[in-house]
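This report refers to the structure that appears directly beneath it.
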Amino acid sequence: MNLFELTKSLMNIPSVSGDEEAVGSFLRDHLRSLGWTVELQPVSENQNNVIAYLNERPRVFLSTHIDTVPPFIGASEDDEKIYGRGACDAKGIIAAQITAAEQLRREGIEDIGLLYTVEEERTSAGAKAANEHPLAAKCEYMINGEPTDNDLAIGSKGTFRLMIKTAGKAAHSAYPEQGDSAIEKLLDILEDVRHTKFPNDEFFGETTVNIGTVEGGVALNVIPPRAEAGLAIRLTTPKEPIFEAVKNVVRDRGEIEILSCSEPVKMLAVDGFNQKVVRFTTDIPYLTNWGQPLLLGPGSILVAHTKDEFVLKQDLQEAVGLYTNLVNNLLARTA
Ligand SMILES: [Zn+2]
């Protein structure tokens, strides 16, 4: 199967997070047919990471995730592009990595492996499970794939997700003095969040805050007894100073519940590649046992997760060359 056929075949197997079993089985069968040793690592009842290698000492792994965001959109194409869910995030990347790995094999290189995780788009549960796999200890460099426009990402921002919850006292809306509005408290807090200057970092850039969800109240004629807002903060510093700043904003007006946090990560810089810092988060913070991380992939994060997701065929082809160069470069370092 050539690069574009493999991309489309992977895309045409629906694998929204939680439903990755079929695409995992496809990859296992495909890689076995090429002569790879393949393990399925169970993550949940119907979710398996795919781990493949050629010999007993794979020192460089190519890796990305096999789940997608919803909804499933089947593959279509024209001369220039492949369209549909997973085109760039991340099935085109899987196809480019396998094509690169096969090319390396033809050059006689076998110290390589492939790691494909489930659940990256939700909880990174696949990466967390993979981090406990014994092969991790043998891996010296892990090249993760996410759409970076084929640039080498040398840093990625972290993500700090939290809820701010306020409580009040319900009352008849005609007698507001009898109640205490949780929504008005929340609005005051959110207004202060919007005017807070969070610490930035010279390398990683600006810390940004998205107030992504707001919920609360029971009816138009009831003083709302509860309200909450969900925030995603793109971290450019460690969590602690940001968390302190949020606590100083909220004070005793509400409660903070932390949902998840991944700190910003610095990755390996390699001469001869375009380098940049990306704003999105990957599985890399959860794959700490897999050697030194690198991040590169074809396609643009700006079309990932949209209904217009696509990847340029030329970018896919270019990625094959970039991955083979990168692997050769890294193996030369450790040889
Ligand atoms: Zn992705």
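Naming works like this for the structure tokens: A, B, ... for the chains as they're shown, residue 1 at the start of each chain, ligands 1 onward in shown order.
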Requested in this report: Write down as a list in words the residues belonging to range 140-285 of chain A that are assigned alpha helix (DSSP H) by DSSP computed on the backbone.
Outcome: Ala182, Ile183, Glu184, Lys185, Leu186, Leu187, Asp188, Ile189, Leu190, Glu191, Asp192, Val193, Arg194, Lys239, Glu240, Pro241, Ile242, Phe243, Glu244, Ala245, Val246, Lys247, Asn248, Val249 and Val250 of chain A
Set out as JSON lines a contact list for chain A and ligand 1 with a cut-off of 12 Å, giving each residue of chain A that qualifies its closest atom pair and distance in Å to one decimal, counting only C-alpha atoms and all ligand atoms, ordered by chain and rising residue number.
```
{"residue": "A:Val16", "atom": "CA", "partner": "ligand 1", "partner_atom_place_in_ligand_line": "1 (Zn)", "distance": 11.8}
{"residue": "A:Ser17", "atom": "CA", "partner": "ligand 1", "partner_atom_place_in_ligand_line": "1 (Zn)", "distance": 11.3}
{"residue": "A:Ser63", "atom": "CA", "partner": "ligand 1", "partner_atom_place_in_ligand_line": "1 (Zn)", "distance": 10.9}
{"residue": "A:Thr64", "atom": "CA", "partner": "ligand 1", "partner_atom_place_in_ligand_line": "1 (Zn)", "distance": 7.3}
{"residue": "A:His65", "atom": "CA", "partner": "ligand 1", "partner_atom_place_in_ligand_line": "1 (Zn)", "distance": 6.5}
{"residue": "A:Ile66", "atom": "CA", "partner": "ligand 1", "partner_atom_place_in_ligand_line": "1 (Zn)", "distance": 8.6}
{"residue": "A:Asp67", "atom": "CA", "partner": "ligand 1", "partner_atom_place_in_ligand_line": "1 (Zn)", "distance": 8.2}
{"residue": "A:Thr68", "atom": "CA", "partner": "ligand 1", "partner_atom_place_in_ligand_line": "1 (Zn)", "distance": 7.4}
{"residue": "A:Val69", "atom": "CA", "partner": "ligand 1", "partner_atom_place_in_ligand_line": "1 (Zn)", "distance": 8.8}
{"residue": "A:Arg85", "atom": "CA", "partner": "ligand 1", "partner_atom_place_in_ligand_line": "1 (Zn)", "distance": 11.0}
{"residue": "A:Gly86", "atom": "CA", "partner": "ligand 1", "partner_atom_place_in_ligand_line": "1 (Zn)", "distance": 8.4}
{"residue": "A:Ala87", "atom": "CA", "partner": "ligand 1", "partner_atom_place_in_ligand_line": "1 (Zn)", "distance": 10.4}
{"residue": "A:Cys88", "atom": "CA", "partner": "ligand 1", "partner_atom_place_in_ligand_line": "1 (Zn)", "distance": 7.9}
{"residue": "A:Asp89", "atom": "CA", "partner": "ligand 1", "partner_atom_place_in_ligand_line": "1 (Zn)", "distance": 4.5}
{"residue": "A:Ala90", "atom": "CA", "partner": "ligand 1", "partner_atom_place_in_ligand_line": "1 (Zn)", "distance": 5.3}
{"residue": "A:Lys91", "atom": "CA", "partner": "ligand 1", "partner_atom_place_in_ligand_line": "1 (Zn)", "distance": 9.0}
{"residue": "A:Gly92", "atom": "CA", "partner": "ligand 1", "partner_atom_place_in_ligand_line": "1 (Zn)", "distance": 10.7}
{"residue": "A:Ile93", "atom": "CA", "partner": "ligand 1", "partner_atom_place_in_ligand_line": "1 (Zn)", "distance": 9.3}
{"residue": "A:Ile94", "atom": "CA", "partner": "ligand 1", "partner_atom_place_in_ligand_line": "1 (Zn)", "distance": 10.8}
{"residue": "A:Tyr116", "atom": "CA", "partner": "ligand 1", "partner_atom_place_in_ligand_line": "1 (Zn)", "distance": 11.3}
{"residue": "A:Thr117", "atom": "CA", "partner": "ligand 1", "partner_atom_place_in_ligand_line": "1 (Zn)", "distance": 10.5}
{"residue": "A:Val118", "atom": "CA", "partner": "ligand 1", "partner_atom_place_in_ligand_line": "1 (Zn)", "distance": 10.7}
{"residue": "A:Glu119", "atom": "CA", "partner": "ligand 1", "partner_atom_place_in_ligand_line": "1 (Zn)", "distance": 10.0}
{"residue": "A:Glu120", "atom": "CA", "partner": "ligand 1", "partner_atom_place_in_ligand_line": "1 (Zn)", "distance": 7.0}
{"residue": "A:Glu121", "atom": "CA", "partner": "ligand 1", "partner_atom_place_in_ligand_line": "1 (Zn)", "distance": 6.7}
{"residue": "A:Arg122", "atom": "CA", "partner": "ligand 1", "partner_atom_place_in_ligand_line": "1 (Zn)", "distance": 10.4}
{"residue": "A:Ser124", "atom": "CA", "partner": "ligand 1", "partner_atom_place_in_ligand_line": "1 (Zn)", "distance": 10.8}
{"residue": "A:Asn144", "atom": "CA", "partner": "ligand 1", "partner_atom_place_in_ligand_line": "1 (Zn)", "distance": 9.8}
{"residue": "A:Gly145", "atom": "CA", "partner": "ligand 1", "partner_atom_place_in_ligand_line": "1 (Zn)", "distance": 7.7}
{"residue": "A:Glu146", "atom": "CA", "partner": "ligand 1", "partner_atom_place_in_ligand_line": "1 (Zn)", "distance": 5.2}
{"residue": "A:Pro147", "atom": "CA", "partner": "ligand 1", "partner_atom_place_in_ligand_line": "1 (Zn)", "distance": 7.1}
{"residue": "A:Thr148", "atom": "CA", "partner": "ligand 1", "partner_atom_place_in_ligand_line": "1 (Zn)", "distance": 10.2}
{"residue": "A:Phe280", "atom": "CA", "partner": "ligand 1", "partner_atom_place_in_ligand_line": "1 (Zn)", "distance": 9.2}
{"residue": "A:Thr281", "atom": "CA", "partner": "ligand 1", "partner_atom_place_in_ligand_line": "1 (Zn)", "distance": 8.7}
{"residue": "A:Thr282", "atom": "CA", "partner": "ligand 1", "partner_atom_place_in_ligand_line": "1 (Zn)", "distance": 6.9}
{"residue": "A:Asp283", "atom": "CA", "partner": "ligand 1", "partner_atom_place_in_ligand_line": "1 (Zn)", "distance": 8.6}
{"residue": "A:Ile284", "atom": "CA", "partner": "ligand 1", "partner_atom_place_in_ligand_line": "1 (Zn)", "distance": 11.2}
{"residue": "A:Leu295", "atom": "CA", "partner": "ligand 1", "partner_atom_place_in_ligand_line": "1 (Zn)", "distance": 11.3}
{"residue": "A:Leu296", "atom": "CA", "partner": "ligand 1", "partner_atom_place_in_ligand_line": "1 (Zn)", "distance": 11.3}
{"residue": "A:Gly297", "atom": "CA", "partner": "ligand 1", "partner_atom_place_in_ligand_line": "1 (Zn)", "distance": 9.7}
{"residue": "A:Pro298", "atom": "CA", "partner": "ligand 1", "partner_atom_place_in_ligand_line": "1 (Zn)", "distance": 11.2}
{"residue": "A:Gly299", "atom": "CA", "partner": "ligand 1", "partner_atom_place_in_ligand_line": "1 (Zn)", "distance": 10.6}
{"residue": "A:Ser300", "atom": "CA", "partner": "ligand 1", "partner_atom_place_in_ligand_line": "1 (Zn)", "distance": 10.5}
{"residue": "A:Ile301", "atom": "CA", "partner": "ligand 1", "partner_atom_place_in_ligand_line": "1 (Zn)", "distance": 8.3}
{"residue": "A:Leu302", "atom": "CA", "partner": "ligand 1", "partner_atom_place_in_ligand_line": "1 (Zn)", "distance": 11.5}
{"residue": "A:Val303", "atom": "CA", "partner": "ligand 1", "partner_atom_place_in_ligand_line": "1 (Zn)", "distance": 11.2}
{"residue": "A:Ala304", "atom": "CA", "partner": "ligand 1", "partner_atom_place_in_ligand_line": "1 (Zn)", "distance": 7.7}
{"residue": "A:His305", "atom": "CA", "partner": "ligand 1", "partner_atom_place_in_ligand_line": "1 (Zn)", "distance": 8.7}
{"residue": "A:Glu309", "atom": "CA", "partner": "ligand 1", "partner_atom_place_in_ligand_line": "1 (Zn)", "distance": 11.9}
```
Output of the above residues as a PDB file, in the first residue's frame, restricted to C-alpha atoms:
```
ATOM      1  CA  VAL A  16     -13.231   8.520  17.513  1.00  0.00           C
ATOM      2  CA  SER A  17     -11.698   8.335  21.015  1.00  0.00           C
ATOM      3  CA  SER A  63       4.812   7.709  17.433  1.00  0.00           C
ATOM      4  CA  THR A  64       1.432   9.397  17.285  1.00  0.00           C
ATOM      5  CA  HIS A  65      -2.187   8.613  18.215  1.00  0.00           C
ATOM      6  CA  ILE A  66      -4.825   6.491  16.477  1.00  0.00           C
ATOM      7  CA  ASP A  67      -7.938   8.201  17.864  1.00  0.00           C
ATOM      8  CA  THR A  68      -9.630  11.205  16.303  1.00  0.00           C
ATOM      9  CA  VAL A  69     -12.061  13.856  17.446  1.00  0.00           C
ATOM     10  CA  ARG A  85     -11.136  13.250   9.633  1.00  0.00           C
ATOM     11  CA  GLY A  86      -7.613  12.289  10.571  1.00  0.00           C
ATOM     12  CA  ALA A  87      -6.067  13.555   7.314  1.00  0.00           C
ATOM     13  CA  CYS A  88      -3.524  15.498   9.345  1.00  0.00           C
ATOM     14  CA  ASP A  89      -4.486  14.574  12.938  1.00  0.00           C
ATOM     15  CA  ALA A  90      -3.077  12.008  12.828  1.00  0.00           C
ATOM     16  CA  LYS A  91      -3.646   9.239  10.256  1.00  0.00           C
ATOM     17  CA  GLY A  92      -1.642  10.899   7.498  1.00  0.00           C
ATOM     18  CA  ILE A  93       1.150  11.067  10.061  1.00  0.00           C
ATOM     19  CA  ILE A  94       0.873   7.339  10.825  1.00  0.00           C
ATOM     20  CA  TYR A 116       0.473   4.296  18.295  1.00  0.00           C
ATOM     21  CA  THR A 117      -1.662   5.335  21.267  1.00  0.00           C
ATOM     22  CA  VAL A 118      -5.389   5.568  21.973  1.00  0.00           C
ATOM     23  CA  GLU A 119      -7.212   8.402  23.786  1.00  0.00           C
ATOM     24  CA  GLU A 120      -4.819  11.245  22.968  1.00  0.00           C
ATOM     25  CA  GLU A 121      -7.717  13.553  22.173  1.00  0.00           C
ATOM     26  CA  ARG A 122      -9.329  13.027  25.594  1.00  0.00           C
ATOM     27  CA  SER A 124      -3.977  10.506  27.138  1.00  0.00           C
ATOM     28  CA  ASN A 144       6.064  12.172  18.141  1.00  0.00           C
ATOM     29  CA  GLY A 145       3.893  13.226  15.229  1.00  0.00           C
ATOM     30  CA  GLU A 146       1.327  16.012  15.364  1.00  0.00           C
ATOM     31  CA  PRO A 147       0.600  18.543  12.611  1.00  0.00           C
ATOM     32  CA  THR A 148       3.498  21.041  12.844  1.00  0.00           C
ATOM     33  CA  PHE A 280      -1.043  22.748  21.502  1.00  0.00           C
ATOM     34  CA  THR A 281      -0.469  19.832  23.870  1.00  0.00           C
ATOM     35  CA  THR A 282       0.460  16.277  22.853  1.00  0.00           C
ATOM     36  CA  ASP A 283       0.970  12.856  24.438  1.00  0.00           C
ATOM     37  CA  ILE A 284       4.627  13.760  25.064  1.00  0.00           C
ATOM     38  CA  LEU A 295       7.838  16.555  17.581  1.00  0.00           C
ATOM     39  CA  LEU A 296       7.233  16.859  13.845  1.00  0.00           C
ATOM     40  CA  GLY A 297       4.386  16.105  11.475  1.00  0.00           C
ATOM     41  CA  PRO A 298       2.784  17.077   8.162  1.00  0.00           C
ATOM     42  CA  GLY A 299      -0.352  19.229   8.009  1.00  0.00           C
ATOM     43  CA  SER A 300      -1.634  22.218   9.921  1.00  0.00           C
ATOM     44  CA  ILE A 301      -3.058  22.239  13.440  1.00  0.00           C
ATOM     45  CA  LEU A 302      -5.359  25.039  12.230  1.00  0.00           C
ATOM     46  CA  VAL A 303      -7.439  22.590  10.155  1.00  0.00           C
ATOM     47  CA  ALA A 304      -7.216  19.698  12.631  1.00  0.00           C
ATOM     48  CA  HIS A 305     -10.476  19.197  14.570  1.00  0.00           C
ATOM     49  CA  GLU A 309      -9.508  18.881   7.828  1.00  0.00           C
TER      50      GLU A 309
END
```
Requested in this report: Write out as a ChimeraX atom specification the residues lying within 7 Å of range 255-269 of chain A, counting only C-alpha atoms and excluding same-chain residues fewer than 4 positions away.
Outcome: /A:154-166,235-239,285,292-294
Query - Selected residue, from A:Gly24, A:Gly168, A:Gly321, A:Pro176, that lies nearest to Leu104 in chain A when counting only C-alpha atoms - result: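 Ranked by minimum distance to Leu104 in chain A, first place goes to A:Gly321.
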Query raised in the report: When DSSP works through the backbone of this structure, what residues of range 50-194 of chain A end up as strand (DSSP E), shown as a PyMOL selection string?
Result: chain A and resi 50-53+60-65+76-77+81-83+112-117+141-144+152-156+158-167
